[in-house]
>>> print(open('model-v2.cif').read())   # mmCIF, C-alpha atoms and all ligand atoms
data_model
loop_
_atom_site.label_atom_id
_atom_site.label_comp_id
_atom_site.auth_asym_id
_atom_site.auth_seq_id
_atom_site.Cartn_x
_atom_site.Cartn_y
_atom_site.Cartn_z
CA MET A 406 0.00 0.00 0.00
CA ALA A 407 1.28 3.48 -0.92
CA LEU A 408 1.44 5.69 2.16
CA THR A 409 1.68 9.11 0.50
CA GLU A 410 -1.97 9.86 1.35
CA GLN A 411 -1.45 9.13 5.04
CA GLY A 412 1.15 11.81 5.73
CA GLN A 413 4.66 12.99 4.96
CA ILE A 414 7.00 10.55 3.27
CA PRO A 415 10.65 10.70 4.35
CA LYS A 416 12.78 11.97 1.48
CA HIS A 417 15.95 10.29 2.73
CA VAL A 418 15.89 6.95 4.55
CA ALA A 419 19.16 5.57 5.96
CA VAL A 420 19.46 1.93 6.94
CA ILE A 421 21.83 0.06 9.26
CA MET A 422 21.37 -3.46 7.91
CA ASP A 423 22.16 -5.42 11.05
CA GLY A 424 21.57 -9.04 12.01
CA ASN A 425 22.90 -11.03 9.04
CA GLY A 426 25.16 -13.08 11.31
CA ARG A 427 22.36 -13.86 13.78
CA TRP A 428 20.03 -14.82 10.93
CA ALA A 429 22.60 -17.36 9.74
CA LYS A 430 23.42 -18.63 13.25
CA LYS A 431 19.75 -19.35 13.95
CA ARG A 432 19.80 -21.65 10.93
CA ASN A 433 23.19 -23.22 11.63
CA LEU A 434 24.54 -21.63 8.49
CA PRO A 435 27.84 -19.81 7.96
CA ARG A 436 27.72 -16.01 8.44
CA SER A 437 28.33 -15.59 4.70
CA GLU A 438 24.85 -17.04 4.06
CA GLY A 439 23.35 -14.31 6.23
CA HIS A 440 25.14 -11.64 4.20
CA LYS A 441 24.05 -13.31 0.97
CA GLN A 442 20.44 -13.31 2.10
CA GLY A 443 20.88 -9.71 3.24
CA ALA A 444 21.96 -8.65 -0.24
CA LEU A 445 18.90 -10.33 -1.74
CA VAL A 446 16.63 -7.99 0.21
CA LEU A 447 17.90 -4.91 -1.65
CA GLU A 448 15.94 -5.24 -4.88
CA SER A 449 12.56 -5.32 -3.17
CA LEU A 450 13.69 -2.52 -0.86
CA PHE A 451 14.42 -0.33 -3.89
CA GLU A 452 11.06 -1.23 -5.44
CA GLU A 453 9.21 -0.30 -2.27
CA CYS A 454 11.18 2.94 -1.80
CA ILE A 455 10.17 3.96 -5.32
CA ARG A 456 6.54 2.98 -4.72
CA GLN A 457 6.48 5.06 -1.54
CA ASN A 458 8.17 8.02 -3.27
CA ILE A 459 11.30 7.92 -1.11
CA LYS A 460 14.01 9.78 -3.02
CA VAL A 461 17.22 8.61 -1.34
CA VAL A 462 18.05 5.40 0.48
CA SER A 463 21.43 5.10 2.21
CA LEU A 464 22.75 1.64 3.03
CA TYR A 465 25.52 0.97 5.54
CA ALA A 466 27.20 -1.82 3.58
CA PHE A 467 30.74 -1.72 5.01
CA SER A 468 32.00 0.53 7.77
CA THR A 469 35.51 1.85 8.41
CA GLU A 470 35.45 -0.43 11.47
CA ASN A 471 34.42 -3.56 9.53
CA TRP A 472 38.07 -4.09 8.51
CA LYS A 473 38.45 -5.64 12.01
CA ARG A 474 36.39 -8.64 10.86
CA PRO A 475 38.08 -11.85 9.70
CA LYS A 476 39.66 -11.57 6.23
CA SER A 477 37.36 -14.28 4.89
CA GLU A 478 34.23 -12.34 5.91
CA ILE A 479 35.58 -9.13 4.37
CA LYS A 480 36.22 -11.04 1.16
CA THR A 481 32.67 -12.40 1.19
CA LEU A 482 31.21 -8.91 1.66
CA PHE A 483 33.15 -7.43 -1.27
CA SER A 484 32.40 -10.37 -3.49
CA LEU A 485 28.69 -10.03 -2.65
CA LEU A 486 28.90 -6.38 -3.54
CA ASP A 487 30.54 -7.27 -6.88
CA THR A 488 27.85 -9.88 -7.58
CA PHE A 489 25.04 -7.54 -6.62
CA ILE A 490 26.36 -4.73 -8.80
CA THR A 491 26.91 -7.04 -11.77
CA GLU A 492 23.71 -9.05 -11.55
CA LYS A 493 21.38 -6.24 -10.59
CA LEU A 494 22.77 -3.49 -12.79
CA ASP A 495 20.13 -3.87 -15.52
CA THR A 496 17.37 -4.08 -12.90
CA MET A 497 18.65 -0.89 -11.27
CA VAL A 498 18.68 0.91 -14.62
CA LYS A 499 15.16 -0.37 -15.40
CA LEU A 500 13.86 0.75 -12.00
CA GLY A 501 15.41 4.20 -12.41
CA VAL A 502 17.89 3.76 -9.56
CA LYS A 503 20.95 5.98 -9.54
CA LEU A 504 23.92 4.56 -7.69
CA PHE A 505 25.79 6.89 -5.33
CA ILE A 506 28.79 6.00 -3.19
CA SER A 507 29.79 7.38 0.20
CA GLY A 508 33.13 6.33 1.64
CA ASP A 509 36.73 5.84 0.57
CA ILE A 510 36.49 3.15 -2.07
CA SER A 511 40.16 3.48 -3.05
CA LYS A 512 40.87 0.93 -0.31
CA LEU A 513 38.61 -1.69 -1.94
CA PRO A 514 39.88 -4.46 -4.22
CA LYS A 515 40.54 -3.03 -7.71
CA ARG A 516 37.89 -5.32 -9.21
CA SER A 517 35.21 -3.91 -6.92
CA GLN A 518 36.30 -0.36 -7.71
CA LYS A 519 35.98 -1.04 -11.44
CA LYS A 520 32.52 -2.56 -11.03
CA ILE A 521 31.42 0.42 -8.98
CA GLU A 522 32.74 2.88 -11.60
CA THR A 523 30.85 1.03 -14.35
CA ALA A 524 27.65 0.95 -12.32
CA LEU A 525 27.96 4.67 -11.46
CA ALA A 526 28.25 5.49 -15.16
CA LYS A 527 25.43 3.17 -16.25
CA THR A 528 22.95 4.35 -13.62
CA LYS A 529 23.76 8.05 -13.72
CA LYS A 530 20.48 8.97 -15.46
CA GLY A 531 18.34 7.21 -12.84
CA LYS A 532 15.60 9.60 -11.70
CA LYS A 533 13.43 7.56 -9.35
CA LEU A 534 15.73 6.74 -6.44
CA ILE A 535 19.28 7.44 -5.34
CA ALA A 536 20.78 4.35 -3.75
CA ASN A 537 23.65 5.60 -1.62
CA PHE A 538 25.90 2.64 -0.84
CA CYS A 539 28.09 3.51 2.15
CA ILE A 540 31.25 1.49 1.69
CA ASN A 541 34.35 1.88 3.81
CA TYR A 542 32.27 4.65 5.36
CA GLY A 543 32.42 6.05 8.87
CA SER A 544 31.06 9.40 10.04
CA ARG A 545 34.11 10.39 12.05
CA ASP A 546 36.33 9.75 9.07
CA GLU A 547 33.91 11.69 6.86
CA ILE A 548 33.81 14.69 9.22
CA LYS A 549 37.60 14.80 9.64
CA ARG A 550 37.98 14.57 5.87
CA ALA A 551 35.52 17.44 5.33
CA ALA A 552 37.44 19.62 7.79
CA LEU A 553 40.70 18.89 5.96
CA LEU A 554 39.14 19.63 2.55
CA ILE A 555 37.89 23.00 3.77
CA LEU A 556 41.28 23.82 5.28
CA GLN A 557 43.05 22.87 2.04
CA SER A 558 40.75 24.91 -0.15
CA ARG A 559 41.14 27.96 2.10
CA LEU A 560 44.91 27.65 2.29
CA GLN A 561 45.10 27.52 -1.49
CA LYS A 562 43.39 30.87 -1.76
CA ILE A 563 45.76 32.72 0.57
CA LYS A 564 48.15 35.01 -1.27
CA SER A 565 49.00 37.54 1.45
CA LEU A 566 49.12 37.97 5.25
CA SER A 567 46.00 40.11 5.30
CA GLU A 568 44.13 37.40 3.39
CA LEU A 569 45.31 34.86 5.96
CA GLU A 570 43.73 36.92 8.76
CA LYS A 571 40.45 37.16 6.86
CA VAL A 572 40.38 33.45 6.10
CA GLN A 573 41.08 32.54 9.74
CA LYS A 574 38.00 34.47 10.81
CA ARG A 575 35.68 33.27 8.08
CA LYS A 576 32.95 31.06 9.48
CA ILE A 577 31.98 27.75 7.92
CA SER A 578 28.35 27.59 6.87
CA GLU A 579 26.42 24.33 7.16
CA LYS A 580 26.01 24.39 3.39
CA GLU A 581 29.77 24.67 2.85
CA PHE A 582 30.48 21.90 5.36
CA SER A 583 27.79 19.52 4.07
CA ALA A 584 29.12 19.90 0.54
CA LYS A 585 32.44 18.45 1.70
CA LEU A 586 30.88 15.35 3.21
CA TYR A 587 30.69 12.20 1.11
CA THR A 588 26.95 12.73 0.85
CA LYS A 589 27.57 16.18 -0.70
CA THR A 590 24.25 17.47 -1.99
CA LEU A 591 22.02 14.67 -0.71
CA PRO A 592 19.30 15.91 1.65
CA ASP A 593 19.59 15.29 5.40
CA VAL A 594 18.41 11.93 6.69
CA ASP A 595 14.73 12.02 7.71
CA LEU A 596 14.33 8.46 8.91
CA LEU A 597 17.07 6.16 10.17
CA ILE A 598 16.25 2.47 10.46
CA ARG A 599 18.33 -0.06 12.38
CA THR A 600 17.37 -3.70 12.29
CA ALA A 601 18.16 -6.56 14.70
CA GLY A 602 17.39 -4.85 17.99
CA GLU A 603 20.55 -2.82 18.60
CA LYS A 604 19.94 0.80 19.52
CA ARG A 605 23.02 2.67 18.46
CA LEU A 606 24.25 4.62 15.45
CA SER A 607 27.64 2.90 15.08
CA ASN A 608 29.35 5.86 13.39
CA PHE A 609 26.68 6.15 10.66
CA MET A 610 25.45 9.49 9.28
CA LEU A 611 26.17 11.33 12.55
CA TYR A 612 26.06 14.75 10.86
CA GLN A 613 23.29 14.06 8.34
CA ALA A 614 20.96 12.40 10.87
CA ALA A 615 21.01 15.31 13.34
CA TYR A 616 17.20 15.59 13.20
CA ALA A 617 16.33 12.14 11.86
CA GLU A 618 13.59 10.07 13.42
CA LEU A 619 15.12 6.83 14.68
CA TYR A 620 13.32 3.54 14.06
CA PHE A 621 14.55 0.34 15.68
CA THR A 622 13.12 -3.07 14.89
CA GLU A 623 13.91 -6.55 16.21
CA THR A 624 13.64 -7.96 12.67
CA LEU A 625 16.94 -9.29 11.36
CA TRP A 626 18.06 -7.66 8.12
CA PRO A 627 17.58 -10.72 5.85
CA ASP A 628 13.92 -10.79 6.98
CA PHE A 629 13.33 -7.10 6.30
CA ASN A 630 10.58 -6.79 3.68
CA LYS A 631 8.17 -4.28 2.15
CA LYS A 632 5.79 -4.51 5.10
CA GLU A 633 8.67 -3.69 7.45
CA LEU A 634 9.49 -0.58 5.44
CA GLN A 635 5.84 0.43 5.51
CA ALA A 636 5.83 0.04 9.32
CA ALA A 637 8.88 2.30 9.55
CA ILE A 638 7.20 4.93 7.35
CA ARG A 639 4.04 4.77 9.50
CA PHE A 640 6.20 5.31 12.58
CA TYR A 641 7.76 8.33 10.82
CA GLN A 642 4.33 9.70 9.99
CA SER A 643 3.30 9.45 13.64
CA ARG A 644 6.15 11.72 14.79
CA VAL A 645 5.94 15.49 15.11
CA ARG A 646 9.17 16.94 13.76
CA LYS A 647 10.26 20.16 15.42
CA PHE A 648 13.89 20.72 14.40
CA GLY A 649 14.47 22.43 17.75
CA GLY A 650 11.45 24.73 17.38
CA LEU A 651 7.79 24.25 18.25
CA PRO A 652 5.28 22.22 16.29
CA ASP A 653 3.06 24.29 13.95
CA SER A 654 0.05 23.58 16.22
CA GLU A 655 1.70 25.42 19.15
CA GLN A 656 2.94 28.52 17.37
C1 LIG B 1 25.66 -6.42 9.79
O1 LIG B 1 25.32 -7.72 10.13
C2 LIG B 1 25.82 -6.26 8.35
C3 LIG B 1 26.97 -5.90 7.72
C4 LIG B 1 28.24 -5.67 8.41
C5 LIG B 1 27.05 -5.71 6.28
C6 LIG B 1 25.79 -5.49 5.53
C7 LIG B 1 25.87 -6.23 4.28
C8 LIG B 1 24.86 -6.75 3.56
C9 LIG B 1 23.45 -6.50 3.86
C10 LIG B 1 25.10 -7.69 2.45
C11 LIG B 1 25.97 -7.25 1.35
C12 LIG B 1 25.69 -5.92 0.87
C13 LIG B 1 25.65 -5.46 -0.37
C14 LIG B 1 25.70 -4.00 -0.48
C15 LIG B 1 25.47 -6.22 -1.59
P1 LIG B 1 26.23 -8.50 11.20
O2 LIG B 1 27.17 -9.36 10.44
O3 LIG B 1 26.90 -7.52 12.11
O4 LIG B 1 25.14 -9.32 11.95
P2 LIG B 1 25.20 -9.82 13.48
O5 LIG B 1 25.23 -8.58 14.34
O6 LIG B 1 23.94 -10.60 13.63
O7 LIG B 1 26.44 -10.66 13.61
#
>>> encode(input="model-v2.cif", output="structure tokens")
Amino acid sequence: MALTEQGQIPKHVAVIMDGNGRWAKKRNLPRSEGHKQGALVLESLFEECIRQNIKVVSLYAFSTENWKRPKSEIKTLFSLLDTFITEKLDTMVKLGVKLFISGDISKLPKRSQKKIETALAKTKKGKKLIANFCINYGSRDEIKRAALLILQSRLQKIKSLSELEKVQKRKISEKEFSAKLYTKTLPDVDLLIRTAGEKRLSNFMLYQAAYAELYFTETLWPDFNKKELQAAIRFYQSRVRKFGGLPDSEQ
């Protein structure tokens, strides 16, 4: 069921896809099976996002901290990403999905980087949904990187001592700072979903989710389906967003 009639639809939904390991463990399967099943959920997630008129979906696929996992699991995750991008590329194009990447992908295997580049080029005209894959992504890393980029661009412009003084005093606007994040021009996160019962942000979208509504569900990621997304949207529609002010009804 389309929920546009029932209230506001979040423009940007960010998802922490947690619980793949537990899904596999419950079935006596290797963790890789949980990840595999988790990747299979994505196509129907994209379909439902489009049906509900969500414009951006961000997926926490691999964090800057995930390098601490066993090498074999890391390999599985990148190979699943390669398979997903190869096998679902035509589907993404057909659906109107535009791929977007947040994170430092230069640290990924060359093969994955190439597949990502191809998919970025092939999906660049997608108008229905931006699928922001967060790979080797961590908010702290992203924020430090943005600060460095701003510093570098300001330093480049300094030609004299008086200019240095001016530059030191110049404030940084939110617009300027946001533009240096990996997410660049994407809108702020409206709804952040975390599956599998944990209630933490784990270094995900800390800047962009400043005013996001947070939705936690016990459902493990491989079991997350269209109905689950609808439940999250209904939760979002039940919230009164104030952004630090007062709701319209009390002004
Ligand atoms: C957390 O589950 C999930 C991840 C670290 C990676 C998410 C990856 C996928 C959904 C599959 C591959 C993705 C793509 C983009 C094709 P966990 O392993 O921490 O689960 P646990 O907490 O139950 O152990």
>>> atom_distance(input="model-v2.cif", atom1="atom CA of Leu434 of chain A", atom2="atom CA of Ile490 of chain A")
24.2 Å
>>> residues_around(input="model-v2.cif", residues="segment 638-640 of chain A", least_positions_apart="2", cutoff="8 Å", atoms="only C-alpha atoms", output="PDB file with C-alpha atoms, in the coordinates of the input")
ATOM      1  CA  LEU A 408       1.440   5.690   2.160  1.00  0.00           C
ATOM      2  CA  ILE A 414       7.000  10.550   3.270  1.00  0.00           C
ATOM      3  CA  PRO A 415      10.650  10.700   4.350  1.00  0.00           C
ATOM      4  CA  TYR A 620      13.320   3.540  14.060  1.00  0.00           C
ATOM      5  CA  LEU A 634       9.490  -0.580   5.440  1.00  0.00           C
ATOM      6  CA  GLN A 635       5.840   0.430   5.510  1.00  0.00           C
ATOM      7  CA  ALA A 636       5.830   0.040   9.320  1.00  0.00           C
ATOM      8  CA  GLN A 642       4.330   9.700   9.990  1.00  0.00           C
ATOM      9  CA  SER A 643       3.300   9.450  13.640  1.00  0.00           C
ATOM     10  CA  ARG A 644       6.150  11.720  14.790  1.00  0.00           C
TER      11      ARG A 644
END
>>> closest_atom_pairs(input="model-v2.cif", of="chain A", to="ligand LIG 1 (chain B)", cutoff="10 Å", atoms="only C-alpha atoms and all ligand atoms", output="JSON lines")
{"residue": "A:Val420", "atom": "CA", "partner": "B:LIG1", "partner_atom": "C9", "distance": 9.8}
{"residue": "A:Ile421", "atom": "CA", "partner": "B:LIG1", "partner_atom": "C2", "distance": 7.5}
{"residue": "A:Met422", "atom": "CA", "partner": "B:LIG1", "partner_atom": "C2", "distance": 5.3}
{"residue": "A:Asp423", "atom": "CA", "partner": "B:LIG1", "partner_atom": "C1", "distance": 3.9}
{"residue": "A:Gly424", "atom": "CA", "partner": "B:LIG1", "partner_atom": "O6", "distance": 3.3}
{"residue": "A:Asn425", "atom": "CA", "partner": "B:LIG1", "partner_atom": "O4", "distance": 4.1}
{"residue": "A:Gly426", "atom": "CA", "partner": "B:LIG1", "partner_atom": "O7", "distance": 3.6}
{"residue": "A:Arg427", "atom": "CA", "partner": "B:LIG1", "partner_atom": "O6", "distance": 3.6}
{"residue": "A:Trp428", "atom": "CA", "partner": "B:LIG1", "partner_atom": "O6", "distance": 6.4}
{"residue": "A:Ala429", "atom": "CA", "partner": "B:LIG1", "partner_atom": "O6", "distance": 7.9}
{"residue": "A:Lys430", "atom": "CA", "partner": "B:LIG1", "partner_atom": "O6", "distance": 8.1}
{"residue": "A:Lys431", "atom": "CA", "partner": "B:LIG1", "partner_atom": "O6", "distance": 9.7}
{"residue": "A:Arg436", "atom": "CA", "partner": "B:LIG1", "partner_atom": "O2", "distance": 7.0}
{"residue": "A:Ser437", "atom": "CA", "partner": "B:LIG1", "partner_atom": "O2", "distance": 8.6}
{"residue": "A:Glu438", "atom": "CA", "partner": "B:LIG1", "partner_atom": "C10", "distance": 9.5}
{"residue": "A:Gly439", "atom": "CA", "partner": "B:LIG1", "partner_atom": "O2", "distance": 7.5}
{"residue": "A:His440", "atom": "CA", "partner": "B:LIG1", "partner_atom": "C10", "distance": 4.3}
{"residue": "A:Lys441", "atom": "CA", "partner": "B:LIG1", "partner_atom": "C10", "distance": 5.9}
{"residue": "A:Gln442", "atom": "CA", "partner": "B:LIG1", "partner_atom": "C10", "distance": 7.3}
{"residue": "A:Gly443", "atom": "CA", "partner": "B:LIG1", "partner_atom": "C9", "distance": 4.2}
{"residue": "A:Ala444", "atom": "CA", "partner": "B:LIG1", "partner_atom": "C10", "distance": 4.2}
{"residue": "A:Leu445", "atom": "CA", "partner": "B:LIG1", "partner_atom": "C15", "distance": 7.8}
{"residue": "A:Val446", "atom": "CA", "partner": "B:LIG1", "partner_atom": "C9", "distance": 7.9}
{"residue": "A:Leu447", "atom": "CA", "partner": "B:LIG1", "partner_atom": "C15", "distance": 7.7}
{"residue": "A:Leu464", "atom": "CA", "partner": "B:LIG1", "partner_atom": "C14", "distance": 7.3}
{"residue": "A:Tyr465", "atom": "CA", "partner": "B:LIG1", "partner_atom": "C6", "distance": 6.5}
{"residue": "A:Ala466", "atom": "CA", "partner": "B:LIG1", "partner_atom": "C6", "distance": 4.4}
{"residue": "A:Phe467", "atom": "CA", "partner": "B:LIG1", "partner_atom": "C5", "distance": 5.6}
{"residue": "A:Ser468", "atom": "CA", "partner": "B:LIG1", "partner_atom": "C4", "distance": 7.3}
{"residue": "A:Glu470", "atom": "CA", "partner": "B:LIG1", "partner_atom": "C4", "distance": 9.4}
{"residue": "A:Asn471", "atom": "CA", "partner": "B:LIG1", "partner_atom": "C4", "distance": 6.6}
{"residue": "A:Trp472", "atom": "CA", "partner": "B:LIG1", "partner_atom": "C4", "distance": 10.0}
{"residue": "A:Arg474", "atom": "CA", "partner": "B:LIG1", "partner_atom": "C4", "distance": 9.0}
{"residue": "A:Glu478", "atom": "CA", "partner": "B:LIG1", "partner_atom": "O2", "distance": 8.9}
{"residue": "A:Ile479", "atom": "CA", "partner": "B:LIG1", "partner_atom": "C4", "distance": 9.1}
{"residue": "A:Thr481", "atom": "CA", "partner": "B:LIG1", "partner_atom": "C11", "distance": 8.5}
{"residue": "A:Leu482", "atom": "CA", "partner": "B:LIG1", "partner_atom": "C11", "distance": 5.5}
{"residue": "A:Phe483", "atom": "CA", "partner": "B:LIG1", "partner_atom": "C11", "distance": 7.6}
{"residue": "A:Ser484", "atom": "CA", "partner": "B:LIG1", "partner_atom": "C15", "distance": 8.3}
{"residue": "A:Leu485", "atom": "CA", "partner": "B:LIG1", "partner_atom": "C15", "distance": 5.1}
{"residue": "A:Leu486", "atom": "CA", "partner": "B:LIG1", "partner_atom": "C15", "distance": 3.9}
{"residue": "A:Asp487", "atom": "CA", "partner": "B:LIG1", "partner_atom": "C15", "distance": 7.4}
{"residue": "A:Thr488", "atom": "CA", "partner": "B:LIG1", "partner_atom": "C15", "distance": 7.4}
{"residue": "A:Phe489", "atom": "CA", "partner": "B:LIG1", "partner_atom": "C15", "distance": 5.2}
{"residue": "A:Ile490", "atom": "CA", "partner": "B:LIG1", "partner_atom": "C15", "distance": 7.4}
{"residue": "A:Lys493", "atom": "CA", "partner": "B:LIG1", "partner_atom": "C15", "distance": 9.9}
{"residue": "A:Asn537", "atom": "CA", "partner": "B:LIG1", "partner_atom": "C14", "distance": 9.9}
{"residue": "A:Phe538", "atom": "CA", "partner": "B:LIG1", "partner_atom": "C14", "distance": 6.7}
{"residue": "A:Cys539", "atom": "CA", "partner": "B:LIG1", "partner_atom": "C14", "distance": 8.3}
{"residue": "A:Ile540", "atom": "CA", "partner": "B:LIG1", "partner_atom": "C14", "distance": 8.1}
{"residue": "A:Thr600", "atom": "CA", "partner": "B:LIG1", "partner_atom": "C1", "distance": 9.1}
{"residue": "A:Ala601", "atom": "CA", "partner": "B:LIG1", "partner_atom": "O6", "distance": 7.1}
{"residue": "A:Gly602", "atom": "CA", "partner": "B:LIG1", "partner_atom": "O5", "distance": 9.4}
{"residue": "A:Glu603", "atom": "CA", "partner": "B:LIG1", "partner_atom": "O5", "distance": 8.6}
{"residue": "A:Leu625", "atom": "CA", "partner": "B:LIG1", "partner_atom": "O6", "distance": 7.5}
{"residue": "A:Trp626", "atom": "CA", "partner": "B:LIG1", "partner_atom": "C9", "distance": 7.0}
{"residue": "A:Pro627", "atom": "CA", "partner": "B:LIG1", "partner_atom": "C9", "distance": 7.5}
>>> residues_near_point(input="model-v2.cif", point="(10.3, 3.1, -2.2)", cutoff="12 Å", atoms="only C-alpha atoms", output="number ranges by chain")
A: 406-409, 414-418, 447-462, 500-502, 533-536, 630-635, 637-638
>>> write_last_selection(input="model-v2.cif", atoms="C-alpha atoms", output="short mmCIF file (atom, residue, chain, number, x, y, z; two decimals), in the frame of the given file")
data_model
loop_
_atom_site.label_atom_id
_atom_site.label_comp_id
_atom_site.auth_asym_id
_atom_site.auth_seq_id
_atom_site.Cartn_x
_atom_site.Cartn_y
_atom_site.Cartn_z
CA MET A 406 0.00 0.00 0.00
CA ALA A 407 1.28 3.48 -0.92
CA LEU A 408 1.44 5.69 2.16
CA THR A 409 1.68 9.11 0.50
CA ILE A 414 7.00 10.55 3.27
CA PRO A 415 10.65 10.70 4.35
CA LYS A 416 12.78 11.97 1.48
CA HIS A 417 15.95 10.29 2.73
CA VAL A 418 15.89 6.95 4.55
CA LEU A 447 17.90 -4.91 -1.65
CA GLU A 448 15.94 -5.24 -4.88
CA SER A 449 12.56 -5.32 -3.17
CA LEU A 450 13.69 -2.52 -0.86
CA PHE A 451 14.42 -0.33 -3.89
CA GLU A 452 11.06 -1.23 -5.44
CA GLU A 453 9.21 -0.30 -2.27
CA CYS A 454 11.18 2.94 -1.80
CA ILE A 455 10.17 3.96 -5.32
CA ARG A 456 6.54 2.98 -4.72
CA GLN A 457 6.48 5.06 -1.54
CA ASN A 458 8.17 8.02 -3.27
CA ILE A 459 11.30 7.92 -1.11
CA LYS A 460 14.01 9.78 -3.02
CA VAL A 461 17.22 8.61 -1.34
CA VAL A 462 18.05 5.40 0.48
CA LEU A 500 13.86 0.75 -12.00
CA GLY A 501 15.41 4.20 -12.41
CA VAL A 502 17.89 3.76 -9.56
CA LYS A 533 13.43 7.56 -9.35
CA LEU A 534 15.73 6.74 -6.44
CA ILE A 535 19.28 7.44 -5.34
CA ALA A 536 20.78 4.35 -3.75
CA ASN A 630 10.58 -6.79 3.68
CA LYS A 631 8.17 -4.28 2.15
CA LYS A 632 5.79 -4.51 5.10
CA GLU A 633 8.67 -3.69 7.45
CA LEU A 634 9.49 -0.58 5.44
CA GLN A 635 5.84 0.43 5.51
CA ALA A 637 8.88 2.30 9.55
CA ILE A 638 7.20 4.93 7.35
#
>>> closest_residue(input="model-v2.cif", among="A:Met610, A:Ala551, A:Leu566, A:Ala617", to="Lys585 of chain A", atoms="all atoms listed in the file")
A:Ala551
>>> residues_around(input="model-v2.cif", residues="Leu611 of chain A", least_positions_apart="5", cutoff="12 Å", atoms="all atoms listed in the file", output="PDB file with C-alpha atoms, in the coordinates of the input")
ATOM      1  CA  ALA A 419      19.160   5.570   5.960  1.00  0.00           C
ATOM      2  CA  TYR A 542      32.270   4.650   5.360  1.00  0.00           C
ATOM      3  CA  GLY A 543      32.420   6.050   8.870  1.00  0.00           C
ATOM      4  CA  SER A 544      31.060   9.400  10.040  1.00  0.00           C
ATOM      5  CA  ARG A 545      34.110  10.390  12.050  1.00  0.00           C
ATOM      6  CA  ASP A 546      36.330   9.750   9.070  1.00  0.00           C
ATOM      7  CA  GLU A 547      33.910  11.690   6.860  1.00  0.00           C
ATOM      8  CA  ILE A 548      33.810  14.690   9.220  1.00  0.00           C
ATOM      9  CA  SER A 583      27.790  19.520   4.070  1.00  0.00           C
ATOM     10  CA  LEU A 586      30.880  15.350   3.210  1.00  0.00           C
ATOM     11  CA  THR A 588      26.950  12.730   0.850  1.00  0.00           C
ATOM     12  CA  ASP A 593      19.590  15.290   5.400  1.00  0.00           C
ATOM     13  CA  VAL A 594      18.410  11.930   6.690  1.00  0.00           C
ATOM     14  CA  LEU A 597      17.070   6.160  10.170  1.00  0.00           C
ATOM     15  CA  ARG A 605      23.020   2.670  18.460  1.00  0.00           C
ATOM     16  CA  LEU A 606      24.250   4.620  15.450  1.00  0.00           C
ATOM     17  CA  TYR A 616      17.200  15.590  13.200  1.00  0.00           C
ATOM     18  CA  ALA A 617      16.330  12.140  11.860  1.00  0.00           C
TER      19      ALA A 617
END
>>> closest_residue(input="model-v2.cif", among="A:Leu560, A:Pro652, A:Ser463, A:Lys515", to="Ala614 of chain A", atoms="all atoms listed in the file")
A:Ser463
>>> atom_distance(input="model-v2.cif", atom1="atom CA of Leu525 of chain A", atom2="atom CA of Phe609 of chain A")
22.2 Å
>>> atom_distance(input="model-v2.cif", atom1="atom CA of Phe629 of chain A", atom2="atom CA of Arg432 of chain A")
16.6 Å
